$ cat coords-v4.txt   # compact mmCIF, C-alpha atoms
# COMPACT_ATOMS: atom_id res chain seq x y z
CA MET O 1469 -98.58 -14.71 101.79
CA ASP O 1470 -101.60 -13.64 99.76
CA ARG O 1471 -103.74 -10.52 100.08
CA LEU O 1472 -106.34 -12.03 102.44
CA GLU O 1473 -103.69 -13.42 104.77
CA ILE O 1474 -102.00 -10.02 104.98
CA ILE O 1475 -105.29 -8.28 105.81
CA LYS O 1476 -106.11 -10.92 108.42
CA GLN O 1477 -102.71 -10.61 110.07
CA ILE O 1478 -102.95 -6.80 110.27
CA THR O 1479 -106.50 -6.74 111.63
CA GLU O 1480 -106.08 -9.58 114.15
CA GLU O 1481 -102.65 -8.61 115.43
CA GLU O 1482 -102.63 -6.68 118.73
CA ASN O 1483 -102.24 -3.04 117.81
CA GLU O 1484 -100.32 -1.05 120.42
CA LEU O 1485 -100.74 2.12 118.33
CA LYS O 1486 -104.53 2.06 118.37
CA PHE O 1487 -106.03 5.38 119.43
CA THR O 1488 -108.42 5.50 122.35
CA ASP O 1489 -111.95 6.75 121.91
CA THR O 1490 -111.16 9.73 124.13
CA LEU O 1491 -109.12 11.49 121.45
CA PRO O 1492 -111.21 13.95 119.42
CA ASP O 1493 -111.23 14.29 115.67
CA LYS O 1494 -108.52 16.78 114.68
CA LYS O 1495 -110.83 18.34 112.11
CA GLU O 1496 -113.30 19.18 114.87
CA LEU O 1497 -110.48 20.73 116.92
CA VAL O 1498 -109.50 22.94 113.99
CA LYS O 1499 -113.13 24.03 113.50
CA PHE O 1500 -113.31 24.86 117.19
CA ILE O 1501 -110.13 26.94 117.25
CA ASP O 1502 -111.22 28.85 114.13
CA LYS O 1503 -114.59 29.55 115.75
CA LEU O 1504 -112.98 30.63 119.02
CA LEU O 1505 -110.51 32.96 117.30
CA ASN O 1506 -113.37 34.71 115.54
CA VAL O 1507 -115.07 35.12 118.93
CA LEU O 1508 -111.87 36.52 120.46
CA TYR O 1509 -111.36 38.97 117.60
CA GLY O 1510 -114.95 40.19 117.75
CA LYS O 1511 -115.92 38.79 114.34
CA ASP O 1512 -118.36 36.30 115.83
CA GLN O 1513 -120.64 36.62 118.86
CA GLY O 1514 -121.35 32.89 119.01
CA VAL O 1515 -119.78 32.09 122.37
CA GLY O 1516 -122.56 29.64 123.14
CA SER O 1517 -121.98 27.63 119.97
CA ALA O 1518 -118.22 27.60 120.68
CA MET O 1519 -119.03 26.16 124.11
CA GLU O 1520 -121.16 23.46 122.51
CA MET O 1521 -118.32 22.56 120.14
CA LEU O 1522 -115.84 22.18 123.02
CA LYS O 1523 -118.37 20.20 125.08
CA ASP O 1524 -118.71 17.71 122.21
CA ILE O 1525 -114.94 17.53 121.66
CA LEU O 1526 -114.30 16.83 125.35
CA LYS O 1527 -117.36 14.57 125.71
CA ASP O 1528 -118.13 16.84 128.64
CA GLU O 1529 -121.81 16.15 129.26
CA ASN O 1530 -121.93 18.20 132.47
CA TYR O 1531 -120.02 21.15 130.94
CA GLU O 1532 -117.55 21.06 133.86
CA LYS O 1533 -114.37 21.27 131.78
CA THR O 1534 -116.06 23.46 129.17
CA TYR O 1535 -117.04 26.12 131.69
CA GLU O 1536 -113.62 25.93 133.34
CA PHE O 1537 -111.92 26.62 130.00
CA PHE O 1538 -114.20 29.49 129.03
CA SER O 1539 -113.79 31.11 132.45
CA HIS O 1540 -110.18 31.81 131.42
CA ILE O 1541 -111.09 33.54 128.14
CA PRO O 1542 -111.31 37.12 129.55
CA GLU O 1543 -107.80 36.70 130.99
CA VAL O 1544 -106.51 35.29 127.69
CA ARG O 1545 -108.05 38.22 125.80
CA LYS O 1546 -106.27 40.71 128.09
CA SER O 1547 -102.95 38.96 127.48
CA LEU O 1548 -103.50 38.96 123.72
CA LYS O 1549 -104.22 42.69 123.70
CA LEU O 1550 -100.83 43.28 125.32
CA ASP O 1551 -99.17 40.96 122.80
CA LEU O 1552 -100.90 42.78 119.96
CA VAL O 1553 -99.71 46.19 121.17
CA ALA O 1554 -96.16 44.88 121.67
CA ILE O 1555 -96.00 43.53 118.11
CA TYR O 1556 -97.52 46.65 116.57
CA ASN O 1557 -95.26 49.03 118.51
CA GLY O 1558 -92.19 46.91 117.83
CA ASP O 1559 -92.55 46.52 114.06
CA PRO O 1560 -92.34 49.62 111.88
CA ALA O 1561 -93.72 47.56 108.98
CA ALA O 1562 -97.06 47.10 110.76
CA GLU O 1563 -99.78 49.32 109.29
CA SER O 1564 -102.50 48.58 111.86
CA TYR O 1565 -103.64 46.27 114.63
CA GLU O 1566 -105.90 44.62 112.08
CA GLU O 1567 -102.89 43.74 109.91
CA VAL O 1568 -101.13 42.12 112.86
CA VAL O 1569 -104.18 40.02 113.71
CA TYR O 1570 -104.97 39.11 110.12
CA CYS O 1571 -101.49 38.60 108.66
CA TYR O 1572 -98.82 37.97 111.30
CA PRO O 1573 -97.97 34.30 111.89
CA GLY O 1574 -96.30 35.23 115.18
CA PHE O 1575 -99.50 36.63 116.59
CA TYR O 1576 -101.48 33.61 115.40
CA ALA O 1577 -99.01 31.24 117.08
CA ILE O 1578 -99.11 33.25 120.31
CA THR O 1579 -102.92 33.26 120.29
CA VAL O 1580 -103.18 29.51 119.87
CA TYR O 1581 -100.44 29.00 122.48
CA ARG O 1582 -102.34 31.04 125.10
CA LEU O 1583 -105.51 29.03 124.50
CA ALA O 1584 -103.65 25.71 124.43
CA HIS O 1585 -101.82 26.62 127.64
CA VAL O 1586 -105.17 26.87 129.44
CA LEU O 1587 -106.04 23.35 128.28
CA TYR O 1588 -102.58 22.16 129.32
CA THR O 1589 -102.99 23.52 132.86
CA MET O 1590 -106.39 21.83 133.03
CA GLY O 1591 -104.68 18.49 132.40
CA LEU O 1592 -105.91 18.18 128.78
CA LYS O 1593 -102.36 17.92 127.49
CA VAL O 1594 -102.92 15.88 124.34
CA ILE O 1595 -105.64 18.24 123.09
CA ALA O 1596 -103.46 21.23 123.98
CA ARG O 1597 -100.57 19.72 122.04
CA ALA O 1598 -102.80 19.01 119.05
CA LEU O 1599 -103.80 22.69 118.94
CA SER O 1600 -100.20 23.91 119.22
CA GLU O 1601 -99.11 21.51 116.47
CA HIS O 1602 -101.89 22.84 114.25
CA ALA O 1603 -100.45 26.35 114.71
CA HIS O 1604 -96.95 24.93 114.15
CA SER O 1605 -98.02 23.38 110.84
CA LEU O 1606 -99.44 26.72 109.64
CA THR O 1607 -96.73 29.09 110.89
CA GLY O 1608 -93.52 27.12 111.38
CA ILE O 1609 -93.52 28.32 115.01
CA ASP O 1610 -93.37 25.52 117.59
CA ILE O 1611 -94.47 26.66 121.08
CA ASN O 1612 -95.13 23.80 123.48
CA PRO O 1613 -98.34 24.53 125.43
CA GLY O 1614 -96.54 23.74 128.69
CA ALA O 1615 -94.26 26.77 128.38
CA GLU O 1616 -94.95 29.73 130.66
CA ILE O 1617 -94.91 33.04 128.79
CA GLY O 1618 -95.34 36.49 130.33
CA LYS O 1619 -96.95 39.70 129.12
CA SER O 1620 -96.31 41.60 125.88
CA PHE O 1621 -94.66 38.74 124.00
CA PHE O 1622 -93.29 39.69 120.57
CA ILE O 1623 -92.43 37.25 117.78
CA ASP O 1624 -91.09 38.81 114.58
CA HIS O 1625 -91.23 36.74 111.38
CA GLY O 1626 -91.15 33.60 113.48
CA THR O 1627 -90.33 30.79 111.07
CA GLY O 1628 -88.32 28.08 112.81
CA ILE O 1629 -88.84 29.26 116.40
CA VAL O 1630 -88.91 26.45 118.99
CA VAL O 1631 -90.00 26.97 122.61
CA GLY O 1632 -89.74 23.85 124.77
CA GLU O 1633 -92.21 22.56 127.33
CA THR O 1634 -90.49 23.76 130.53
CA THR O 1635 -89.40 27.12 129.13
CA VAL O 1636 -90.26 30.18 131.21
CA ILE O 1637 -90.37 33.57 129.46
CA GLY O 1638 -90.77 36.89 131.28
CA ASP O 1639 -92.47 40.11 130.19
CA ASN O 1640 -91.59 42.21 127.12
CA VAL O 1641 -89.50 39.52 125.43
CA LYS O 1642 -88.76 39.61 121.70
CA LEU O 1643 -87.89 36.54 119.63
CA TYR O 1644 -86.85 36.57 115.99
CA GLN O 1645 -86.93 33.77 113.43
CA SER O 1646 -85.14 30.44 114.04
CA VAL O 1647 -84.59 31.01 117.76
CA THR O 1648 -84.44 27.81 119.81
CA LEU O 1649 -85.22 27.70 123.51
CA GLY O 1650 -84.54 24.03 123.94
CA ALA O 1651 -83.09 21.21 126.01
CA ILE O 1652 -79.36 20.59 125.94
CA SER O 1653 -79.79 16.83 125.65
CA THR O 1654 -82.67 14.39 125.57
CA ARG O 1655 -80.63 11.21 126.01
CA GLY O 1656 -82.48 10.62 129.28
CA GLY O 1657 -85.71 10.31 127.32
CA ILE O 1658 -88.89 9.75 129.30
CA SER O 1659 -86.92 9.71 132.58
CA LEU O 1660 -86.60 13.51 132.22
CA LYS O 1661 -90.39 13.96 132.21
CA GLY O 1662 -91.47 16.61 134.71
CA LYS O 1663 -87.95 17.99 135.17
CA LYS O 1664 -86.88 21.51 134.18
CA ARG O 1665 -85.03 21.01 130.90
CA HIS O 1666 -85.39 24.35 129.13
CA PRO O 1667 -84.26 27.96 129.69
CA SER O 1668 -85.81 30.67 131.80
CA ILE O 1669 -85.76 34.06 130.10
CA GLY O 1670 -85.99 37.26 132.17
CA ASN O 1671 -87.86 40.46 131.36
CA ASN O 1672 -87.05 42.82 128.48
CA VAL O 1673 -84.83 40.28 126.70
CA THR O 1674 -84.25 40.33 122.93
CA ILE O 1675 -83.05 37.19 121.13
CA TYR O 1676 -82.13 37.66 117.48
CA ALA O 1677 -82.39 35.29 114.52
CA GLY O 1678 -80.79 31.88 114.76
CA ALA O 1679 -79.76 32.10 118.42
CA SER O 1680 -80.02 28.97 120.59
CA VAL O 1681 -80.40 28.89 124.37
CA LEU O 1682 -80.21 25.32 125.63
CA GLY O 1683 -80.72 23.65 128.97
CA ASN O 1684 -81.98 24.77 132.35
CA VAL O 1685 -80.19 28.12 132.30
CA TYR O 1686 -81.29 31.62 133.28
CA ILE O 1687 -80.99 34.64 131.00
CA GLY O 1688 -81.18 37.77 133.13
CA ASP O 1689 -83.31 40.87 132.55
CA ASN O 1690 -82.42 43.23 129.69
CA CYS O 1691 -80.04 40.80 127.96
CA VAL O 1692 -79.52 40.87 124.19
CA LEU O 1693 -78.47 37.73 122.33
CA GLY O 1694 -77.15 38.36 118.85
CA SER O 1695 -77.84 36.30 115.76
CA ASN O 1696 -76.52 32.71 115.75
CA THR O 1697 -75.22 32.84 119.32
CA PHE O 1698 -75.17 29.55 121.25
CA VAL O 1699 -75.79 29.87 124.99
CA THR O 1700 -75.65 27.02 127.52
CA THR O 1701 -74.78 28.97 130.70
CA ASP O 1702 -76.53 31.54 132.87
CA LEU O 1703 -76.24 35.19 131.86
CA LYS O 1704 -76.34 38.10 134.29
CA GLU O 1705 -78.76 40.94 133.62
CA ASN O 1706 -77.82 43.58 131.04
CA THR O 1707 -75.48 41.17 129.18
CA ILE O 1708 -74.96 41.45 125.42
CA VAL O 1709 -73.79 38.30 123.60
CA THR O 1710 -72.54 38.50 120.01
CA ILE O 1711 -70.32 36.54 117.66
CA GLU O 1712 -67.24 38.45 116.57
CA PRO O 1713 -67.17 38.52 112.76
CA GLU O 1714 -64.08 37.15 111.08
CA GLN O 1715 -62.09 39.97 109.50
CA LYS O 1716 -60.89 39.32 105.95
CA HIS O 1717 -58.82 41.71 103.86
CA LEU O 1718 -58.74 40.82 100.21
CA SER O 1719 -55.89 41.81 97.98
CA LYS O 1720 -56.49 43.24 94.55
CA SER O 1721 -55.58 39.88 93.00
CA ASP O 1722 -58.09 38.08 95.25
CA ILE O 1723 -60.83 40.44 94.13
CA GLU O 1724 -59.92 39.96 90.47
CA ARG O 1725 -60.02 36.17 90.82
CA ARG O 1726 -63.53 36.34 92.38
CA ALA O 1727 -64.84 38.63 89.65

$ encode --input "coords-v4.txt" --output "structure tokens"
Amino acid sequence: MDRLEIIKQITEEENELKFTDTLPDKKELVKFIDKLLNVLYGKDQGVGSAMEMLKDILKDENYEKTYEFFSHIPEVRKSLKLDLVAIYNGDPAAESYEEVVYCYPGFYAITVYRLAHVLYTMGLKVIARALSEHAHSLTGIDINPGAEIGKSFFIDHGTGIVVGETTVIGDNVKLYQSVTLGAISTRGGISLKGKKRHPSIGNNVTIYAGASVLGNVYIGDNCVLGSNTFVTTDLKENTIVTIEPEQKHLSKSDIERRA
């Protein structure tokens, strides 16, 4: 098969992976989210131009979806202020609110999540997912826009965190790096769509680095999950889960051999 035959076969063959015209250019989505973040943080007063950008992305000639989205922005801003305070008060390394906004990947991921969640609830799920994956690519934090997250959410460090689509998180929850709030199995594939597959986390819960909570389980209020714990059952409130460290006592000869 020569070059022309290959090109002909590729172009004439029915392409099931062809994108529809309704999907926006990802570059335009990134420009929009950057513009909107500057508006949220008070660095840019151009709300009108941000509206025009979203109208063009959504092909929303009557501004119906655009106005619906922007009507949620005051509520999103209130939530982000609580998140900002929670992160600042919870991290002794934070020098200022400005540092948290400017430098912390956790706060960036939370910000994009809260905006994407609005789009998700409006039924614009692919666009919402594209925004969350943009934040994922920059921060290493993967929060599905379908998750429901309460007030004063705190992510510390954040790299490797995964929060699944049907996860529910209460108020004043802290997550550290490499935490997974995931499904216990996806063998059912698309048949599981719309079903609760991920954990529900109560209020005032802290989950330390590397812990995994899998499946449709409930973690009660005020629980603490230690590093690298693996939880697949419900936990009552005020429960502490840790892994007992293995105790090793080395003899003098063992120490000398390791030296």

$ atom_distance --input "coords-v4.txt" --atom1 "CA of Leu1504 in chain O" --atom2 "CA of Thr1589 in chain O"
18.5 Å

$ atom_distance --input "coords-v4.txt" --atom1 "CA of Pro1613 in chain O" --atom2 "CA of Val1580 in chain O"
8.9 Å

$ residues_around --input "coords-v4.txt" --residues "Ile1525 in chain O" --least-positions-apart "6" --cutoff "10 Å" --atoms "only C-alpha atoms" --output "tab-separated table (two decimals) with C-alpha atoms, keeping the file's coordinate frame"
chain	number	residue	atom	x	y	z
O	1490	THR	CA	-111.16	9.73	124.13
O	1491	LEU	CA	-109.12	11.49	121.45
O	1492	PRO	CA	-111.21	13.95	119.42
O	1493	ASP	CA	-111.23	14.29	115.67
O	1494	LYS	CA	-108.52	16.78	114.68
O	1496	GLU	CA	-113.30	19.18	114.87
O	1497	LEU	CA	-110.48	20.73	116.92
O	1500	PHE	CA	-113.31	24.86	117.19
O	1519	MET	CA	-119.03	26.16	124.11
O	1534	THR	CA	-116.06	23.46	129.17
O	1595	ILE	CA	-105.64	18.24	123.09

$ residues_around --input "coords-v4.txt" --residues "Phe1621 in chain O" --least-positions-apart "5" --cutoff "7 Å" --atoms "only C-alpha atoms" --output "list in words"
Asp1551, Ala1554, Asp1639, Asn1640, Val1641 and Lys1642 of chain O

$ residues_near_point --input "coords-v4.txt" --point "(-77.1, 31.7, 117.4)" --cutoff "8 Å" --atoms "only C-alpha atoms" --output "list in words"
Val1647, Tyr1676, Ala1677, Gly1678, Ala1679, Ser1680, Leu1693, Gly1694, Ser1695, Asn1696, Thr1697, Phe1698 and Val1699 of chain O

$ residues_around --input "coords-v4.txt" --residues "Phe1575 in chain O" --least-positions-apart "2" --cutoff "10 Å" --atoms "all atoms listed in the file" --output "mmCIF file with C-alpha atoms, keeping the file's coordinate frame"
data_model
loop_
_atom_site.group_PDB
_atom_site.id
_atom_site.type_symbol
_atom_site.label_atom_id
_atom_site.label_comp_id
_atom_site.auth_asym_id
_atom_site.auth_seq_id
_atom_site.Cartn_x
_atom_site.Cartn_y
_atom_site.Cartn_z
ATOM 1 C CA LEU O 1548 -103.500 38.960 123.720
ATOM 2 C CA ASP O 1551 -99.170 40.960 122.800
ATOM 3 C CA LEU O 1552 -100.900 42.780 119.960
ATOM 4 C CA ILE O 1555 -96.000 43.530 118.110
ATOM 5 C CA VAL O 1568 -101.130 42.120 112.860
ATOM 6 C CA VAL O 1569 -104.180 40.020 113.710
ATOM 7 C CA TYR O 1570 -104.970 39.110 110.120
ATOM 8 C CA CYS O 1571 -101.490 38.600 108.660
ATOM 9 C CA TYR O 1572 -98.820 37.970 111.300
ATOM 10 C CA PRO O 1573 -97.970 34.300 111.890
ATOM 11 C CA ALA O 1577 -99.010 31.240 117.080
ATOM 12 C CA ILE O 1578 -99.110 33.250 120.310
ATOM 13 C CA THR O 1579 -102.920 33.260 120.290
ATOM 14 C CA VAL O 1580 -103.180 29.510 119.870
ATOM 15 C CA TYR O 1581 -100.440 29.000 122.480
ATOM 16 C CA THR O 1607 -96.730 29.090 110.890
ATOM 17 C CA PHE O 1621 -94.660 38.740 124.000
ATOM 18 C CA PHE O 1622 -93.290 39.690 120.570
ATOM 19 C CA ILE O 1623 -92.430 37.250 117.780
ATOM 20 C CA ASP O 1624 -91.090 38.810 114.580
ATOM 21 C CA HIS O 1625 -91.230 36.740 111.380
ATOM 22 C CA GLY O 1626 -91.150 33.600 113.480
#

$ residues_near_point --input "coords-v4.txt" --point "(-96.9, 38.1, 133.3)" --cutoff "7 Å" --atoms "all atoms listed in the file" --output "list in words"
Gly1618, Lys1619, Gly1638 and Asp1639 of chain O

$ write_last_selection --input "coords-v4.txt" --atoms "C-alpha atoms" --output "PDB file, in the coordinates of the input"
ATOM      1  CA  GLY O1618     -95.340  36.490 130.330  1.00  0.00           C
ATOM      2  CA  LYS O1619     -96.950  39.700 129.120  1.00  0.00           C
ATOM      3  CA  GLY O1638     -90.770  36.890 131.280  1.00  0.00           C
ATOM      4  CA  ASP O1639     -92.470  40.110 130.190  1.00  0.00           C
TER       5      ASP O1639
END

$ residues_around --input "coords-v4.txt" --residues "range 1629-1633 of chain O" --least-positions-apart "5" --cutoff "9 Å" --atoms "all atoms listed in the file" --output "JSON list (two decimals) with C-alpha atoms, keeping the file's coordinate frame"
[["chain", "number", "residue", "atom", "x", "y", "z"],
["O", 1608, "GLY", "CA", -93.52, 27.12, 111.38],
["O", 1609, "ILE", "CA", -93.52, 28.32, 115.01],
["O", 1610, "ASP", "CA", -93.37, 25.52, 117.59],
["O", 1611, "ILE", "CA", -94.47, 26.66, 121.08],
["O", 1612, "ASN", "CA", -95.13, 23.80, 123.48],
["O", 1613, "PRO", "CA", -98.34, 24.53, 125.43],
["O", 1614, "GLY", "CA", -96.54, 23.74, 128.69],
["O", 1615, "ALA", "CA", -94.26, 26.77, 128.38],
["O", 1616, "GLU", "CA", -94.95, 29.73, 130.66],
["O", 1623, "ILE", "CA", -92.43, 37.25, 117.78],
["O", 1643, "LEU", "CA", -87.89, 36.54, 119.63],
["O", 1644, "TYR", "CA", -86.85, 36.57, 115.99],
["O", 1645, "GLN", "CA", -86.93, 33.77, 113.43],
["O", 1646, "SER", "CA", -85.14, 30.44, 114.04],
["O", 1647, "VAL", "CA", -84.59, 31.01, 117.76],
["O", 1648, "THR", "CA", -84.44, 27.81, 119.81],
["O", 1649, "LEU", "CA", -85.22, 27.70, 123.51],
["O", 1650, "GLY", "CA", -84.54, 24.03, 123.94],
["O", 1651, "ALA", "CA", -83.09, 21.21, 126.01],
["O", 1664, "LYS", "CA", -86.88, 21.51, 134.18],
["O", 1665, "ARG", "CA", -85.03, 21.01, 130.90],
["O", 1666, "HIS", "CA", -85.39, 24.35, 129.13],
["O", 1667, "PRO", "CA", -84.26, 27.96, 129.69],
["O", 1678, "GLY", "CA", -80.79, 31.88, 114.76]]

$ closest_residue --input "coords-v4.txt" --among "O:Leu1583, O:Gly1574, O:Val1673, O:Arg1655" --to "His1604 in chain O" --atoms "all atoms listed in the file"
O:Gly1574

$ closest_residue --input "coords-v4.txt" --among "O:Tyr1531, O:Tyr1509, O:Asn1672, O:Ile1501" --to "Ala1596 in chain O" --atoms "all atoms listed in the file"
O:Ile1501

$ residues_around --input "coords-v4.txt" --residues "Arg1597 in chain O" --least-positions-apart "4" --cutoff "9 Å" --atoms "only C-alpha atoms" --output "number ranges by chain"
O: 1584-1585, 1588, 1592-1593, 1601-1602, 1612-1614

$ atom_distance --input "coords-v4.txt" --atom1 "CA of Ser1653 in chain O" --atom2 "CA of Thr1635 in chain O"
14.5 Å

$ closest_residue --input "coords-v4.txt" --among "O:Gln1513, O:Asn1530, O:Thr1634, O:Ser1620" --to "Tyr1556 in chain O" --atoms "only C-alpha atoms"
O:Ser1620

$ closest_residue --input "coords-v4.txt" --among "O:Ser1605, O:Glu1473, O:Thr1707, O:Ser1539" --to "Thr1627 in chain O" --atoms "only C-alpha atoms"
O:Ser1605

$ closest_residue --input "coords-v4.txt" --among "O:Tyr1576, O:Met1590, O:Lys1720, O:Leu1505" --to "Tyr1535 in chain O" --atoms "only C-alpha atoms"
O:Met1590

$ axis_aligned_box --input "coords-v4.txt" --around "range 1672-1691 of chain O" --padding-each-side "3 Å" --output "lines of an AutoDock Vina configuration file"
center_x = -83.4
center_y = 33.4
center_z = 123.9
size_x = 13.3
size_y = 25.6
size_z = 24.8

$ closest_residue --input "coords-v4.txt" --among "O:Ile1658, O:Met1521, O:Ile1637, O:Pro1560" --to "Lys1499 in chain O" --atoms "all atoms listed in the file"
O:Met1521
